[in-house]
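Here the structure is laid out as structure tokens; the discussion comes afterwards.
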Amino acid sequence: MSEQISLQVNGETRSCSSQTPLPDLLQQLGFNPRLVAVEYNGEILHRQFWSQTTVQPGDRLEVVTIVGGG
């Protein structure tokens with residue numbers, strides 16, 4: 001069983017298993033990965049890098065939902 005880590009998501013402390021891939025974390029938190037943009041530790045993280053990014057203790061994520069329309 002993997003240990004739990006703490007990280008910040010949109011300013012709130014959240015916990016998840018260590019070595020959780022970013023797309024899995026987004027789904028666990030109720031986000032649709034196709035409809036969000038992610039800032040990871042202060043930098044926009046391009047979608048092509050999500051699957052190889054595993055969250056680490058103390059990471060800071062800002063998850064922004066993309067809204068369509070005019």
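For the structure tokens, the naming scheme is as follows: chains receive sequential letters (A, B, ...) according to their order of presentation, residues are indexed from 1 within each chain, and ligands are indexed from 1 in presentation order.
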
Exercise: A:Arg34 partners within 10 Å, only C-alpha atoms, chain neighbours under 5 positions left out, as a PDB file with N, CA and C atoms, in the first residue's frame:
ATOM      1  N   PRO A  23      -3.306  12.707 -14.328  1.00  0.00           N
ATOM      2  CA  PRO A  23      -4.674  12.485 -14.828  1.00  0.00           C
ATOM      3  C   PRO A  23      -5.545  11.713 -13.827  1.00  0.00           C
ATOM      4  N   ARG A  47      -0.602  19.591 -21.606  1.00  0.00           N
ATOM      5  CA  ARG A  47      -1.304  18.309 -21.536  1.00  0.00           C
ATOM      6  C   ARG A  47      -0.419  17.122 -21.944  1.00  0.00           C
ATOM      7  N   THR A  65     -11.180  25.139 -14.844  1.00  0.00           N
ATOM      8  CA  THR A  65     -12.113  24.526 -15.780  1.00  0.00           C
ATOM      9  C   THR A  65     -12.295  25.445 -16.979  1.00  0.00           C
ATOM     10  N   ILE A  66     -12.199  24.853 -18.153  1.00  0.00           N
ATOM     11  CA  ILE A  66     -12.374  25.589 -19.402  1.00  0.00           C
ATOM     12  C   ILE A  66     -13.864  25.633 -19.719  1.00  0.00           C
TER      13      ILE A  66
END

* Write out as a ChimeraX atom specification the residues lying within 9 Å of A:Gln4, counting only C-alpha atoms and excluding same-chain residues fewer than 5 positions away. => /A:15-18,57

Dump as a short mmCIF file (atom, residue, chain, number, x, y, z; two decimals), in the first residue's frame, selection limited to N, CA and C atoms:
data_model
loop_
_atom_site.label_atom_id
_atom_site.label_comp_id
_atom_site.auth_asym_id
_atom_site.auth_seq_id
_atom_site.Cartn_x
_atom_site.Cartn_y
_atom_site.Cartn_z
N SER A 15 -5.14 15.23 -0.04
CA SER A 15 -4.21 14.11 0.08
C SER A 15 -4.54 13.07 -0.97
N CYS A 16 -3.51 12.33 -1.36
CA CYS A 16 -3.68 11.26 -2.32
C CYS A 16 -2.53 10.28 -2.10
N SER A 17 -2.56 9.17 -2.80
CA SER A 17 -1.47 8.22 -2.72
C SER A 17 -0.24 8.79 -3.40
N SER A 18 0.94 8.47 -2.84
CA SER A 18 2.16 8.90 -3.52
C SER A 18 2.24 8.18 -4.87
N PRO A 57 4.85 15.20 -2.63
CA PRO A 57 4.44 15.93 -1.43
C PRO A 57 4.75 17.42 -1.55
#

- Query: In chain A, what's strand (DSSP E) per DSSP? Answer as a list in words?
  - Reply: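 Across chain A, those assigned strand (DSSP E) are Gln4, Ile5, Ser6, Leu7, Gln8, Val9, Glu12, Thr13, Arg14, Ser15, Cys16, Ser17, Val36, Ala37, Val38, Glu39, Tyr40, Glu43, Ile44, Arg60, Leu61, Glu62, Val63, Val64 and Thr65 of chain A.
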
Proximity to A:Glu39 - best of A:Val64, A:Arg14, A:Gln8, A:Ser2, only C-alpha atoms: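 Nearest to A:Glu39: A:Val64.
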
Practice prompt. Select from stretch 2-69 of chain A everything DSSP, run on the backbone, classes as helix (DSSP H, G or I), then give the selection as number ranges by chain.
Written response: A: 22-28, 33-35, 47-52

What lies within 10 Å of A:Trp50 using only C-alpha atoms, ignoring chain neighbours under 5 positions off, as an mmCIF file with C-alpha atoms, in the first residue's frame?
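The result, stored in result25.cif:
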data_model
loop_
_atom_site.group_PDB
_atom_site.id
_atom_site.type_symbol
_atom_site.label_atom_id
_atom_site.label_comp_id
_atom_site.auth_asym_id
_atom_site.auth_seq_id
_atom_site.Cartn_x
_atom_site.Cartn_y
_atom_site.Cartn_z
ATOM 1 C CA PRO A 21 -0.290 10.208 -12.021
ATOM 2 C CA LEU A 22 -1.746 13.662 -12.622
ATOM 3 C CA PRO A 23 -4.674 12.485 -14.828
ATOM 4 C CA ASP A 24 -5.717 10.005 -12.100
ATOM 5 C CA PRO A 33 -9.252 16.026 -17.537
ATOM 6 C CA VAL A 38 -3.380 22.787 -14.903
ATOM 7 C CA LEU A 45 1.727 22.160 -17.486
#

Query raised in the report: Between A:Ser51, A:Asn41, A:Gln56, A:Asn32, which is the closest to A:Ile5 once you count only C-alpha atoms?
Result: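 The shortest atom-to-atom distance to A:Ile5 comes from A:Gln56.
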
- Separation of atom CA of A:Gly58 from atom CA of A:Leu35 in Å: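 The value is 24.4 Å.
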